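Source file: coords02.cif; contents: mmCIF, C-alpha atoms.
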```
data_data
loop_
_atom_site.label_atom_id
_atom_site.label_comp_id
_atom_site.auth_asym_id
_atom_site.auth_seq_id
_atom_site.Cartn_x
_atom_site.Cartn_y
_atom_site.Cartn_z
CA MET A 1 5.04 28.97 10.59
CA LYS A 2 3.32 27.21 7.72
CA THR A 3 -0.26 27.32 6.52
CA ILE A 4 -1.88 23.89 6.83
CA LYS A 5 -2.74 22.37 3.46
CA GLY A 6 -6.33 21.50 2.64
CA PRO A 7 -9.11 20.79 2.60
CA GLY A 8 -8.49 17.13 1.78
CA ILE A 9 -10.89 14.19 1.86
CA PHE A 10 -10.29 10.53 2.73
CA LEU A 11 -12.01 8.58 -0.04
CA ALA A 12 -12.45 5.30 1.87
CA GLN A 13 -15.92 6.02 3.22
CA PHE A 14 -17.17 7.43 -0.09
CA MET A 15 -16.17 4.75 -2.60
CA GLY A 16 -19.23 2.80 -3.74
CA ASP A 17 -20.93 0.89 -6.52
CA ASN A 18 -22.71 3.82 -8.18
CA PRO A 19 -21.38 6.88 -10.05
CA PRO A 20 -19.60 9.10 -9.26
CA PHE A 21 -18.25 7.00 -6.39
CA ASN A 22 -17.22 3.86 -8.29
CA ASP A 23 -14.35 5.31 -10.30
CA LEU A 24 -11.28 7.29 -9.24
CA LYS A 25 -11.56 10.02 -11.86
CA SER A 26 -15.27 10.62 -11.31
CA ILE A 27 -14.99 10.69 -7.51
CA CYS A 28 -12.07 13.10 -7.79
CA GLN A 29 -14.14 15.39 -10.00
CA TRP A 30 -16.95 15.17 -7.45
CA ALA A 31 -14.56 16.06 -4.60
CA LYS A 32 -13.11 18.98 -6.54
CA GLY A 33 -16.61 20.28 -7.19
CA LEU A 34 -17.21 20.45 -3.44
CA GLY A 35 -14.06 22.50 -2.87
CA PHE A 36 -11.55 19.85 -1.82
CA VAL A 37 -7.99 20.23 -3.10
CA GLY A 38 -6.54 16.90 -1.93
CA VAL A 39 -7.54 13.23 -1.75
CA GLN A 40 -6.24 10.55 0.60
CA LEU A 41 -6.29 7.16 -1.08
CA PRO A 42 -7.29 3.87 0.61
CA ALA A 43 -4.50 1.56 -0.54
CA TRP A 44 -6.69 -1.56 -0.23
CA ASP A 45 -9.24 -0.34 -2.81
CA SER A 46 -8.20 -1.34 -6.33
CA ARG A 47 -10.52 1.31 -7.77
CA CYS A 48 -8.21 3.92 -6.26
CA ILE A 49 -4.77 2.36 -6.66
CA ASP A 50 -2.93 -0.82 -7.59
CA LEU A 51 -0.61 -0.69 -4.59
CA GLN A 52 1.99 -3.20 -5.74
CA LYS A 53 2.12 -1.64 -9.20
CA ALA A 54 2.58 1.83 -7.69
CA ALA A 55 5.46 0.45 -5.64
CA GLU A 56 7.16 -1.27 -8.57
CA SER A 57 6.42 1.13 -11.44
CA LYS A 58 7.30 4.81 -11.35
CA THR A 59 5.53 5.16 -14.68
CA TYR A 60 2.26 3.89 -13.21
CA ALA A 61 2.69 6.13 -10.16
CA ASP A 62 3.23 9.15 -12.41
CA GLU A 63 0.13 8.28 -14.43
CA LEU A 64 -1.97 7.91 -11.28
CA LYS A 65 -0.69 11.20 -9.92
CA GLY A 66 -1.32 12.84 -13.30
CA LEU A 67 -4.93 11.64 -13.42
CA ILE A 68 -5.63 13.18 -10.02
CA ASN A 69 -3.75 16.37 -10.85
CA GLU A 70 -5.85 16.75 -14.00
CA CYS A 71 -8.91 16.83 -11.76
CA GLY A 72 -7.38 19.79 -9.93
CA LEU A 73 -6.37 17.75 -6.88
CA GLU A 74 -3.26 16.42 -5.15
CA ILE A 75 -2.74 13.08 -3.43
CA THR A 76 -2.32 13.87 0.25
CA GLU A 77 -1.24 10.43 1.50
CA LEU A 78 -1.89 6.71 1.13
CA SER A 79 -3.71 4.75 3.83
CA THR A 80 -3.00 1.12 4.77
CA HIS A 81 -5.36 0.99 7.74
CA LEU A 82 -6.79 -2.42 6.84
CA GLN A 83 -3.43 -3.97 5.96
CA GLY A 84 -1.78 -2.50 9.06
CA GLN A 85 -4.54 -3.99 11.20
CA LEU A 86 -3.54 -7.43 9.92
CA VAL A 87 0.12 -7.04 10.90
CA ALA A 88 -0.93 -8.03 14.42
CA VAL A 89 -4.20 -9.89 15.10
CA ASN A 90 -5.01 -11.77 18.27
CA PRO A 91 -6.59 -15.14 17.41
CA ALA A 92 -9.78 -14.03 19.15
CA TYR A 93 -10.37 -11.67 16.20
CA ASP A 94 -9.25 -13.93 13.35
CA ALA A 95 -12.70 -14.57 11.94
CA MET A 96 -13.73 -10.92 12.03
CA PHE A 97 -10.54 -9.59 10.41
CA ASP A 98 -10.12 -12.29 7.76
CA SER A 99 -12.35 -10.34 5.38
CA PHE A 100 -9.68 -7.60 5.23
CA ALA A 101 -7.36 -10.02 3.41
CA PRO A 102 -7.57 -11.69 -0.02
CA GLU A 103 -9.08 -15.16 -0.29
CA GLN A 104 -5.75 -16.94 -0.70
CA VAL A 105 -4.52 -16.03 2.81
CA ARG A 106 -7.74 -16.36 4.79
CA ASN A 107 -7.89 -19.02 7.51
CA ASN A 108 -4.08 -18.88 7.61
CA SER A 109 -2.92 -16.32 10.15
CA LYS A 110 0.79 -16.69 9.32
CA ALA A 111 0.24 -16.15 5.59
CA ARG A 112 -2.16 -13.29 6.30
CA THR A 113 0.41 -11.53 8.50
CA GLU A 114 3.13 -11.94 5.87
CA TRP A 115 0.78 -10.55 3.21
CA ALA A 116 -0.08 -7.55 5.41
CA ILE A 117 3.55 -6.75 6.16
CA GLN A 118 4.40 -6.81 2.46
CA GLN A 119 1.42 -4.60 1.68
CA VAL A 120 2.49 -1.94 4.17
CA LYS A 121 6.02 -2.10 2.76
CA PHE A 122 4.62 -1.63 -0.76
CA ALA A 123 2.95 1.57 0.49
CA ALA A 124 6.34 2.95 1.51
CA LYS A 125 7.77 2.60 -1.98
CA ALA A 126 4.50 3.65 -3.63
CA SER A 127 4.46 6.81 -1.49
CA GLN A 128 8.03 7.54 -2.56
CA ASN A 129 7.15 7.05 -6.23
CA LEU A 130 4.18 9.39 -5.82
CA GLY A 131 6.30 12.10 -4.19
CA LEU A 132 4.50 11.93 -0.83
CA LYS A 133 5.89 12.51 2.65
CA ALA A 134 3.70 10.40 4.95
CA SER A 135 1.43 7.37 5.01
CA ALA A 136 -1.29 6.24 7.45
CA THR A 137 -1.86 2.88 9.12
CA PHE A 138 -3.12 1.01 12.18
CA SER A 139 -0.81 -0.83 14.56
CA GLY A 140 -2.94 -3.92 14.93
CA ALA A 141 -3.55 -5.47 18.34
CA LEU A 142 -2.33 -8.46 20.31
CA LEU A 143 -3.38 -7.13 23.72
CA TRP A 144 -6.67 -5.29 23.16
CA HIS A 145 -8.79 -8.09 24.61
CA THR A 146 -7.01 -7.45 27.93
CA VAL A 147 -7.50 -3.67 27.94
CA TYR A 148 -9.82 -3.83 30.99
CA PRO A 149 -8.80 -7.18 32.39
CA TRP A 150 -10.62 -9.64 34.55
CA PRO A 151 -8.99 -11.76 35.73
CA GLN A 152 -5.88 -9.61 36.08
CA ARG A 153 -3.19 -9.75 33.41
CA PRO A 154 -0.32 -12.15 34.16
CA ALA A 155 2.97 -10.43 34.97
CA GLY A 156 4.98 -9.69 31.83
CA LEU A 157 2.05 -10.03 29.41
CA VAL A 158 2.04 -6.37 28.31
CA GLU A 159 5.81 -6.29 27.92
CA MET A 160 5.75 -9.45 25.83
CA GLY A 161 2.94 -8.10 23.67
CA PHE A 162 4.71 -4.85 22.88
CA ALA A 163 7.99 -6.65 22.22
CA GLU A 164 6.23 -8.84 19.64
CA LEU A 165 4.44 -5.84 18.12
CA ALA A 166 7.76 -4.04 17.72
CA LYS A 167 9.38 -7.14 16.23
CA ARG A 168 6.77 -7.13 13.45
CA TRP A 169 6.87 -3.39 12.81
CA LEU A 170 10.62 -2.66 12.96
CA PRO A 171 11.41 -4.08 9.50
CA ILE A 172 8.46 -2.12 8.11
CA LEU A 173 9.66 1.09 9.76
CA ASP A 174 13.11 0.49 8.30
CA ALA A 175 11.51 0.21 4.84
CA TYR A 176 9.86 3.58 5.41
CA GLU A 177 13.19 5.04 6.46
CA ASP A 178 14.74 3.74 3.24
CA ALA A 179 11.91 5.37 1.26
CA GLY A 180 12.04 8.64 3.21
CA ILE A 181 8.40 8.34 4.30
CA ASP A 182 6.88 8.89 7.77
CA LEU A 183 4.61 6.02 8.85
CA CYS A 184 1.76 7.51 10.87
CA TYR A 185 -0.13 5.32 13.30
CA GLU A 186 -3.72 6.34 13.90
CA ILE A 187 -4.14 6.15 17.67
CA HIS A 188 -7.44 4.35 17.98
CA PRO A 189 -9.44 2.17 20.39
CA GLY A 190 -9.16 -1.44 19.28
CA GLU A 191 -5.47 -0.99 18.47
CA ASP A 192 -2.62 -1.66 20.87
CA LEU A 193 -1.62 1.95 20.16
CA HIS A 194 -4.74 3.67 21.48
CA ASP A 195 -3.42 6.57 23.59
CA GLY A 196 -0.23 8.41 24.51
CA GLU A 197 0.94 5.86 27.05
CA THR A 198 0.70 2.93 24.64
CA TYR A 199 2.35 4.94 21.88
CA GLU A 200 5.29 5.71 24.17
CA MET A 201 5.58 2.05 25.14
CA PHE A 202 5.75 1.15 21.47
CA LEU A 203 8.30 3.90 20.75
CA GLU A 204 10.56 2.51 23.45
CA GLU A 205 10.39 -0.96 21.90
CA VAL A 206 11.24 0.35 18.40
CA ASN A 207 14.16 2.42 19.74
CA ASN A 208 12.35 5.73 19.13
CA HIS A 209 12.40 5.03 15.41
CA LYS A 210 12.23 8.36 13.59
CA ARG A 211 9.58 7.07 11.16
CA ALA A 212 7.17 5.86 13.88
CA CYS A 213 4.97 8.92 13.68
CA LEU A 214 1.35 9.85 14.36
CA LEU A 215 -1.91 10.47 12.58
CA TYR A 216 -3.83 12.89 14.82
CA ASP A 217 -7.59 12.29 14.99
CA PRO A 218 -9.26 14.04 17.94
CA SER A 219 -12.54 12.16 17.60
CA HIS A 220 -11.06 9.00 19.12
CA PHE A 221 -9.84 10.97 22.12
CA VAL A 222 -13.25 12.52 22.75
CA LEU A 223 -14.67 9.00 22.98
CA GLN A 224 -11.91 8.06 25.46
CA CYS A 225 -12.29 11.28 27.51
CA LEU A 226 -8.64 12.12 26.76
CA ASP A 227 -7.37 15.72 26.61
CA TYR A 228 -6.83 16.01 22.85
CA LEU A 229 -5.39 19.55 22.98
CA THR A 230 -2.68 18.75 25.54
CA TYR A 231 -1.92 15.64 23.48
CA ILE A 232 -0.69 17.99 20.74
CA ASP A 233 1.66 19.65 23.23
CA TYR A 234 3.15 16.26 24.05
CA TYR A 235 3.44 14.81 20.56
CA HIS A 236 3.48 17.65 18.02
CA GLU A 237 6.94 16.70 16.79
CA ARG A 238 5.62 13.26 15.79
CA ILE A 239 2.28 14.39 14.31
CA LYS A 240 2.67 14.19 10.53
CA MET A 241 -0.96 13.58 9.50
CA PHE A 242 -4.31 15.00 10.57
CA HIS A 243 -7.80 13.52 10.20
CA VAL A 244 -10.42 16.20 10.74
CA LYS A 245 -13.26 14.23 12.32
CA ASP A 246 -15.84 15.35 14.85
CA ALA A 247 -17.36 13.43 17.76
CA GLU A 248 -19.45 13.85 20.87
CA PHE A 249 -19.58 12.15 24.25
CA ASN A 250 -22.78 12.38 26.28
CA SER A 251 -22.72 9.93 29.16
CA THR A 252 -26.02 8.79 30.64
CA GLY A 253 -27.20 6.96 33.72
CA LYS A 254 -27.09 3.78 31.67
CA GLN A 255 -23.83 3.94 29.70
CA GLY A 256 -20.43 5.58 29.38
CA VAL A 257 -17.24 5.00 27.39
CA TYR A 258 -17.97 1.36 26.50
CA GLY A 259 -21.32 2.06 24.87
CA GLY A 260 -23.35 -0.85 26.24
CA TYR A 261 -23.15 -2.79 22.94
CA GLN A 262 -25.50 -0.23 21.43
CA SER A 263 -25.67 0.90 17.80
CA TRP A 264 -23.76 4.06 16.86
CA VAL A 265 -26.92 6.16 17.07
CA LYS A 266 -27.56 5.01 20.64
CA ARG A 267 -24.01 5.24 21.99
CA ALA A 268 -22.96 7.85 24.53
CA GLY A 269 -19.89 8.43 22.39
CA ARG A 270 -20.40 8.71 18.66
CA PHE A 271 -18.77 10.26 15.61
CA ARG A 272 -20.44 13.25 13.99
CA SER A 273 -20.13 15.28 10.80
CA LEU A 274 -17.85 18.28 11.04
CA GLY A 275 -19.33 21.04 13.14
CA ASP A 276 -22.04 18.83 14.66
CA GLY A 277 -19.92 17.43 17.50
CA GLN A 278 -17.95 18.73 20.47
CA VAL A 279 -14.39 18.92 19.14
CA ASP A 280 -12.68 22.29 19.58
CA PHE A 281 -11.28 22.59 16.07
CA LYS A 282 -10.31 26.25 16.48
CA GLY A 283 -8.06 25.18 19.34
CA ILE A 284 -6.66 22.28 17.32
CA PHE A 285 -5.91 24.29 14.18
CA SER A 286 -4.35 27.03 16.31
CA LYS A 287 -2.06 24.59 18.15
CA LEU A 288 -1.01 22.70 15.03
CA THR A 289 -0.29 25.98 13.22
CA ALA A 290 1.72 27.36 16.14
CA TYR A 291 3.74 24.12 16.25
CA ASP A 292 4.46 24.46 12.52
CA TYR A 293 2.56 21.35 11.41
CA ASP A 294 3.65 20.76 7.83
CA GLY A 295 0.89 18.62 6.41
CA TRP A 296 -2.70 18.25 5.28
CA ALA A 297 -6.04 18.63 7.02
CA VAL A 298 -8.04 15.68 5.66
CA MET A 299 -11.72 15.12 6.40
CA GLU A 300 -12.61 11.61 7.47
CA TRP A 301 -16.39 11.37 7.38
CA GLU A 302 -18.11 9.06 9.84
CA CYS A 303 -21.54 10.01 11.17
CA ALA A 304 -24.49 7.91 12.28
CA LEU A 305 -27.01 10.64 11.47
CA LYS A 306 -26.13 12.82 8.50
CA HIS A 307 -25.97 11.74 4.85
CA PRO A 308 -22.33 11.37 3.68
CA GLU A 309 -22.72 13.65 0.68
CA GLU A 310 -24.08 16.40 2.90
CA GLY A 311 -21.26 15.78 5.36
CA ALA A 312 -18.69 16.09 2.57
CA LYS A 313 -20.23 19.27 1.21
CA GLU A 314 -20.23 20.91 4.63
CA GLY A 315 -16.84 19.43 5.53
CA ALA A 316 -14.93 21.12 2.71
CA ILE A 317 -16.23 24.51 3.81
CA PHE A 318 -15.64 23.72 7.49
CA ILE A 319 -11.98 22.81 7.02
CA ASP A 320 -11.36 25.76 4.70
CA ASN A 321 -12.82 28.11 7.31
CA ASN A 322 -10.61 26.67 10.07
CA ILE A 323 -7.30 26.70 8.20
CA ILE A 324 -5.25 29.63 9.47
CA ARG A 325 -3.41 31.61 6.82
CA VAL A 326 -0.25 32.34 8.78
CA THR A 327 0.96 35.88 9.27
CA GLU A 328 4.22 37.05 7.75
CA LYS A 329 4.70 39.90 10.19
CA ALA A 330 4.09 40.72 13.84
CA PHE A 331 0.87 42.62 14.51
CA ASP A 332 2.75 45.33 16.43
CA ASP A 333 5.40 46.01 13.78
CA PHE A 334 3.88 49.44 13.19
CA ALA A 335 5.23 50.58 16.56
CA GLY A 336 8.81 49.44 15.90
CA SER A 337 11.89 51.62 15.57
CA ASP A 338 14.23 51.76 12.60
CA ASN A 339 17.27 51.82 14.87
CA GLU A 340 16.33 49.28 17.52
CA ASP A 341 19.94 48.45 18.45
CA GLN A 342 20.64 52.03 19.49
CA LEU A 343 17.24 52.27 21.20
CA ASN A 344 17.85 49.07 23.17
CA LYS A 345 21.20 50.41 24.45
CA SER A 346 19.48 53.60 25.50
CA ILE A 347 16.69 51.74 27.34
CA LEU A 348 19.28 49.63 29.18
CA GLY A 349 21.37 52.71 30.08
CA LEU A 350 24.37 51.53 28.09
CA VAL A 351 24.90 54.82 26.23
#
```

Please express the file's structure as structure tokens.
Amino acid sequence: MKTIKGPGIFLAQFMGDNPPFNDLKSICQWAKGLGFVGVQLPAWDSRCIDLQKAAESKTYADELKGLINECGLEITELSTHLQGQLVAVNPAYDAMFDSFAPEQVRNNSKARTEWAIQQVKFAAKASQNLGLKASATFSGALLWHTVYPWPQRPAGLVEMGFAELAKRWLPILDAYEDAGIDLCYEIHPGEDLHDGETYEMFLEEVNNHKRACLLYDPSHFVLQCLDYLTYIDYYHERIKMFHVKDAEFNSTGKQGVYGGYQSWVKRAGRFRSLGDGQVDFKGIFSKLTAYDYDGWAVMEWECALKHPEEGAKEGAIFIDNNIIRVTEKAFDDFAGSDNEDQLNKSILGLV
């Protein structure tokens, strides 16, 4: 078994316009001061990384890695959540997702998709240049608007949607194979890959591609009322990344999973700071450790109530307290025998 690495912190929700959150070095120093030992970089934020430059220049990648190492931290992974989202966008969402892309490809879905695919491919090479093992993304969605359909879906619609999704992602997955990097889809409502069933449908379409892996985030399963512990039993071999994020689901007589178009504070299901929600993290860390998860535990902070800086401060301690330092010996070794082969023969009546 291996001891899970961490605590790490995903910088996306903390980058801002004011110090220390507006500069990579200063935010890394802030994170280190709270007890974090790793940072996950949002690959769309130029304050954190020039993604194309990191893909094309090993020198730049080494300098970026060196800056973070000098702060006493490691880069855990890169994230292309926003770019991955744009690999597959149903036209119903064009206006809302256009802001994820640069000005020159907005109002042009074909150009936007091509830009997004190239971006995610850049992250493969950048990850290789940075000496990383995995990278995070979203699958995007062509079918999400039909998730609870009325009228009913036409026959063949789902199959066609997943075939098209796979067509777009297969060349990207091949680029990750060439770079030796696992591409980890965050299974998330709003994406076509939003639970185990949809992930398996996608896997079938991409021929069980070895690089089509998973980012495990239990908070999204709490909000879907999905058994997030048994999920690990099913998919532990594919789980290569871990977002430590808490959530709670408290249904009422007025709303359930869909939230009634309410704000985050008023939803039955909402994300919480670590330790304030309902997620069984002791069970999660135990299962991942037993299954020999070889990666980082990275806090993703999203909470409608608590201040982010307080959430980060508490989160570093929370993750550190949940990481299991694995044992190097069995607890009952003291009762063993020096000559167990001879003893075993005796017990079995063979001597």

Neighbour list for Glu204 (chain A) as a ChimeraX atom specification, cut-off 12 Å, all atoms listed in the file, skip fewer than 2 positions in-chain: /A:159,162-163,165-166,170,197-202,206-210,212

Shell of 10 Å around Trp264 (chain A), all atoms listed in the file, local chain residues under 4 positions omitted, as an MDAnalysis selection string: chainID A and resid 259 268:271 303:305

Interatomic distance, CA of Lys53 (chain A) to CA of Leu78 (chain A) (Å, one decimal):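 Separation of CA of Lys53 (chain A) and CA of Leu78 (chain A): 13.9 Å.
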
Å distance separating CA of Gln104 (chain A) from CA of Ala116 (chain A), one decimal place: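 Distance between the two atoms: 12.6 Å.
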
Atomic distance CA of Ser127 (chain A) - CA of Gly140 (chain A), expressed in Å with one decimal: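 Rounded to one decimal, the two atoms are 21.0 Å apart.
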
Evaluating the PyMOL selection byres ((chain A and resi 8-21) around 7) on the displayed file yields which residues, as an mmCIF file with C-alpha atoms, in the coordinates of the input?
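What ended up in expr-v9.cif:
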```
data_model
loop_
_atom_site.group_PDB
_atom_site.id
_atom_site.type_symbol
_atom_site.label_atom_id
_atom_site.label_comp_id
_atom_site.auth_asym_id
_atom_site.auth_seq_id
_atom_site.Cartn_x
_atom_site.Cartn_y
_atom_site.Cartn_z
ATOM 1 C CA GLY A 6 -6.330 21.500 2.640
ATOM 2 C CA PRO A 7 -9.110 20.790 2.600
ATOM 3 C CA ASN A 22 -17.220 3.860 -8.290
ATOM 4 C CA ASP A 23 -14.350 5.310 -10.300
ATOM 5 C CA SER A 26 -15.270 10.620 -11.310
ATOM 6 C CA ILE A 27 -14.990 10.690 -7.510
ATOM 7 C CA TRP A 30 -16.950 15.170 -7.450
ATOM 8 C CA PHE A 36 -11.550 19.850 -1.820
ATOM 9 C CA VAL A 37 -7.990 20.230 -3.100
ATOM 10 C CA GLY A 38 -6.540 16.900 -1.930
ATOM 11 C CA VAL A 39 -7.540 13.230 -1.750
ATOM 12 C CA GLN A 40 -6.240 10.550 0.600
ATOM 13 C CA LEU A 41 -6.290 7.160 -1.080
ATOM 14 C CA PRO A 42 -7.290 3.870 0.610
ATOM 15 C CA TRP A 296 -2.700 18.250 5.280
ATOM 16 C CA ALA A 297 -6.040 18.630 7.020
ATOM 17 C CA VAL A 298 -8.040 15.680 5.660
ATOM 18 C CA MET A 299 -11.720 15.120 6.400
ATOM 19 C CA GLU A 300 -12.610 11.610 7.470
ATOM 20 C CA TRP A 301 -16.390 11.370 7.380
#
```

Residues selected by the PyMOL selection byres ((chain A and resi 114) around 12), written as an NGL selection string: :A and (83-84 or 86-89 or 101 or 105-106 or 108-113 or 115-121 or 168-169 or 171-172)

Spatial sel., origin (3.3, 11.7, 3.9), limit 12 Å, only C-alpha atoms, listed as a PyMOL selection string: chain A and resi 40-41+75-79+123-137+176+179-185+211+213-215+239-242+294-296

Would you give the centre and edge lengths, in Å to one decimal, of a box along x, y and z around the listed atoms of region 132-142 of chain A, with 5 Å added to each side, as lines of an AutoDock Vina configuration file?
```
center_x = 1.2
center_y = 2.0
center_z = 9.7
size_x = 19.4
size_y = 31.0
size_z = 31.1
```

Which residue of A:Leu274, A:Pro308, A:Arg153, A:Cys71 approaches Asp320 (chain A) most closely, using all atoms listed in the file: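 Checking each of A:Leu274, A:Pro308, A:Arg153, A:Cys71 against Asp320 (chain A), counting all atoms listed in the file, the winner is A:Leu274.
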
For the file shown, what are the residues hit by the PyMOL selection byres ((chain A and resi 226) around 12), laid out as a tab-separated table (two decimals) with C-alpha atoms, keeping the file's coordinate frame?
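Okay, part-v7.tsv is ready:
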```tsv
chain	number	residue	atom	x	y	z
A	187	ILE	CA	-4.14	6.15	17.67
A	188	HIS	CA	-7.44	4.35	17.98
A	189	PRO	CA	-9.44	2.17	20.39
A	194	HIS	CA	-4.74	3.67	21.48
A	195	ASP	CA	-3.42	6.57	23.59
A	196	GLY	CA	-0.23	8.41	24.51
A	197	GLU	CA	0.94	5.86	27.05
A	217	ASP	CA	-7.59	12.29	14.99
A	218	PRO	CA	-9.26	14.04	17.94
A	219	SER	CA	-12.54	12.16	17.60
A	220	HIS	CA	-11.06	9.00	19.12
A	221	PHE	CA	-9.84	10.97	22.12
A	222	VAL	CA	-13.25	12.52	22.75
A	223	LEU	CA	-14.67	9.00	22.98
A	224	GLN	CA	-11.91	8.06	25.46
A	225	CYS	CA	-12.29	11.28	27.51
A	227	ASP	CA	-7.37	15.72	26.61
A	228	TYR	CA	-6.83	16.01	22.85
A	229	LEU	CA	-5.39	19.55	22.98
A	230	THR	CA	-2.68	18.75	25.54
A	231	TYR	CA	-1.92	15.64	23.48
A	232	ILE	CA	-0.69	17.99	20.74
A	249	PHE	CA	-19.58	12.15	24.25
A	257	VAL	CA	-17.24	5.00	27.39
A	279	VAL	CA	-14.39	18.92	19.14
```

Closest of A:Lys287, A:Lys5, A:Lys25, A:Lys345 to Leu64 (chain A) - atom-to-atom distances counting all atoms listed in the file: A:Lys25
